[in-house]
Amino acid sequence: MTKDMKPNIAVITGGHSGEYEIAVQSGENIYNQLDKNRFNVHLILMKGNSWSVRLKNGTTVEIDKNDFTLPLPEGRVRFDAVFIAIHGTPGENGKLQGYFDMLGIPYVGCKADISALTFNKHLCNTYLKAFQVKMTDSVHLYRHDPLDPEAIVARLGLPCFVKPCGSGSSVGVTKVKDAGQLKRAADEAFKYDDEILVERFVPGRELACGVVSLDNKPQVIAITEICPKKDFFDYEAKYQPGMSDEITPADIPAETWHHCEEESLRIYRALGCSGIVRIDYIVNETGLYFIEVNTIPGQTSGSIVPKQLAWRGWSFSELCTKLLEEVLEKR
């Protein structure tokens, strides 16, 4: 690429999970926000084995997966950087990052090993316990492990949550209120992963803290309180309009806000995150309880992080541009 040429940027979206539709919306929003005067941007849709780009004339062209190039009649497009906008597999669990690492193509966001670690809730919890991060008790099970509802309830109590270890957007998650529901809830979670977590229920208010690193300096964007109108913040409550209230900034005491900020920055640094992440918690009178890290949080116009940016007075377009420029500078 010569100095007078604009960098070729791939925004890759879609994926192979239950979050496909939301990922497409995030990818399209990022594509629309990127400055076309500074970048040549191509939106790549991953669906099954097809990685395709829709051209202005309406035709689609498949990406050459051997080297992640776009073969066009006028020449082959080689990408200078990638903006990954895939929630769930393979964009949030490190698989796609590993592919780009092997090809030597830089990308926005967390590296392959960090993505893999944070996507597995059990591994992430185990790692963060070494940093004394406060979290609820849980039982980890593989698909073929025996399920003992009485022992689980004796340890965790009721209600409790059953969730896949590797899944986002509350896909496959059940709030269990009776021991007789545990087997059905486990079967549902195992549809999405070979490992599950059964977690103790913690009453309280749910908080989401957006964090971004700019110029190698992590900083908190804002804290949002999530108030679902259902029993918990499930997939419908997340994405069905009117099913939850997301209050930015969260109306919480200054001491709680400061503690959430400090803990989020500590977790971000401990994990070695980069780019934009969202860290979720439950807070009550006994403290702040870590729930999970989202290394590719929703980035639709209605998602939490873009709303946090708007409250902060930051331009989502400028932030995406800045993140890409930092990645390009490190090549």
# chains A, B, ... in the order shown; residues from 1 in each chain; ligands from 1

$ closest_atom_pairs --of "stretch 274-313 of chain A" --to "stretch 214-233 of chain A" --cutoff "9 Å" --atoms "only C-alpha atoms" --output "JSON lines"
{"residue": "A:Ser274", "atom": "CA", "partner": "A:Pro218", "partner_atom": "CA", "distance": 8.1}
{"residue": "A:Gly275", "atom": "CA", "partner": "A:Leu214", "partner_atom": "CA", "distance": 7.8}
{"residue": "A:Ile304", "atom": "CA", "partner": "A:Thr224", "partner_atom": "CA", "distance": 7.4}
{"residue": "A:Val305", "atom": "CA", "partner": "A:Ile221", "partner_atom": "CA", "distance": 8.0}
{"residue": "A:Gln308", "atom": "CA", "partner": "A:Ala222", "partner_atom": "CA", "distance": 5.5}
{"residue": "A:Leu309", "atom": "CA", "partner": "A:Ile221", "partner_atom": "CA", "distance": 6.5}
{"residue": "A:Trp311", "atom": "CA", "partner": "A:Ala222", "partner_atom": "CA", "distance": 8.1}
{"residue": "A:Arg312", "atom": "CA", "partner": "A:Ile221", "partner_atom": "CA", "distance": 6.9}

$ residues_around --residues "A:Tyr31" --least-positions-apart "4" --cutoff "10 Å" --atoms "only C-alpha atoms" --output "PyMOL selection string"
chain A and resi 9-13+25-27+35-36+41-44+83+85+317+320

$ write_last_selection --atoms "C-alpha atoms" --output "compact mmCIF listing (two decimals), in the first residue's frame"
# COMPACT_ATOMS: atom_id res chain seq x y z
CA ILE A 9 -10.61 -2.52 5.79
CA ALA A 10 -12.76 -5.63 6.23
CA VAL A 11 -15.74 -5.50 8.57
CA ILE A 12 -16.66 -9.15 9.07
CA THR A 13 -20.02 -10.05 10.58
CA GLN A 25 -26.82 -5.39 12.76
CA SER A 26 -23.62 -4.55 14.65
CA GLY A 27 -21.51 -5.12 11.54
CA ASP A 35 -15.17 7.09 7.35
CA LYS A 36 -15.15 6.08 3.67
CA VAL A 41 -14.37 -0.56 3.60
CA HIS A 42 -15.85 -3.93 2.61
CA LEU A 43 -18.62 -5.60 4.61
CA ILE A 44 -18.10 -9.38 4.71
CA PHE A 83 -12.91 -5.00 12.32
CA ALA A 85 -18.23 -7.74 14.45
CA SER A 317 -17.60 6.89 14.14
CA CYS A 320 -14.02 3.18 15.37

$ residues_around --residues "stretch 56-67 of chain A" --least-positions-apart "5" --cutoff "12 Å" --atoms "only C-alpha atoms" --output "VMD selection string"
chain A and resid 10 12 42 to 47 49 to 51 72 to 73 76 to 79 96 99 to 105

$ closest_residue --among "A:Tyr142, A:Phe201, A:Tyr192, A:Trp314" --to "A:Lys177" --atoms "only C-alpha atoms"
A:Phe201

$ residues_around --residues "A:Thr118" --least-positions-apart "3" --cutoff "8 Å" --atoms "only C-alpha atoms" --output "list in words"
Asn93, Ile114, Ser115, Lys121, Leu123, Cys124, Glu292, Val293, Asn294 and Thr295 of chain A

$ closest_residue --among "A:Ala112, A:Val139, A:Val162, A:Val153" --to "A:Gly91" --atoms "only C-alpha atoms"
A:Ala112

$ residues_around --residues "A:His16" --least-positions-apart "4" --cutoff "9 Å" --atoms "only C-alpha atoms" --output "PyMOL selection string"
chain A and resi 20+46-48+86+88-90

$ write_last_selection --atoms "C-alpha atoms" --output "PDB file, in the first residue's frame"
ATOM      1  CA  TYR A  20     -26.162 -14.089  14.123  1.00  0.00           C
ATOM      2  CA  MET A  46     -20.076 -14.977   7.216  1.00  0.00           C
ATOM      3  CA  LYS A  47     -22.883 -17.513   6.975  1.00  0.00           C
ATOM      4  CA  GLY A  48     -21.930 -21.166   7.139  1.00  0.00           C
ATOM      5  CA  ILE A  86     -19.275 -11.302  15.248  1.00  0.00           C
ATOM      6  CA  GLY A  88     -20.369 -15.678  19.621  1.00  0.00           C
ATOM      7  CA  THR A  89     -18.450 -18.154  17.501  1.00  0.00           C
ATOM      8  CA  PRO A  90     -16.097 -17.778  15.661  1.00  0.00           C
TER       9      PRO A  90
END

$ closest_atom_pairs --of "stretch 21-134 of chain A" --to "stretch 163-166 of chain A" --cutoff "7 Å" --atoms "only C-alpha atoms" --output "Markdown table"
| residue | atom | partner | partner_atom | distance |
| --- | --- | --- | --- | --- |
| A:Phe119 | CA | A:Gly166 | CA | 5.5 |
| A:Asn120 | CA | A:Gly166 | CA | 4.8 |
| A:Lys121 | CA | A:Cys165 | CA | 4.9 |
| A:His122 | CA | A:Cys165 | CA | 6.1 |

$ closest_residue --among "A:Ile252, A:Met135, A:Val82, A:Ala23" --to "A:Tyr281" --atoms "only C-alpha atoms"
A:Met135

$ atom_distance --atom1 "atom CA of A:Ile279" --atom2 "atom CA of A:Ser213"
13.8 Å

$ atom_distance --atom1 "atom CA of A:Val327" --atom2 "atom CA of A:Ala270"
20.9 Å

$ closest_residue --among "A:Val53, A:Asp280, A:Asn40, A:Phe290" --to "A:Lys129" --atoms "only C-alpha atoms"
A:Phe290
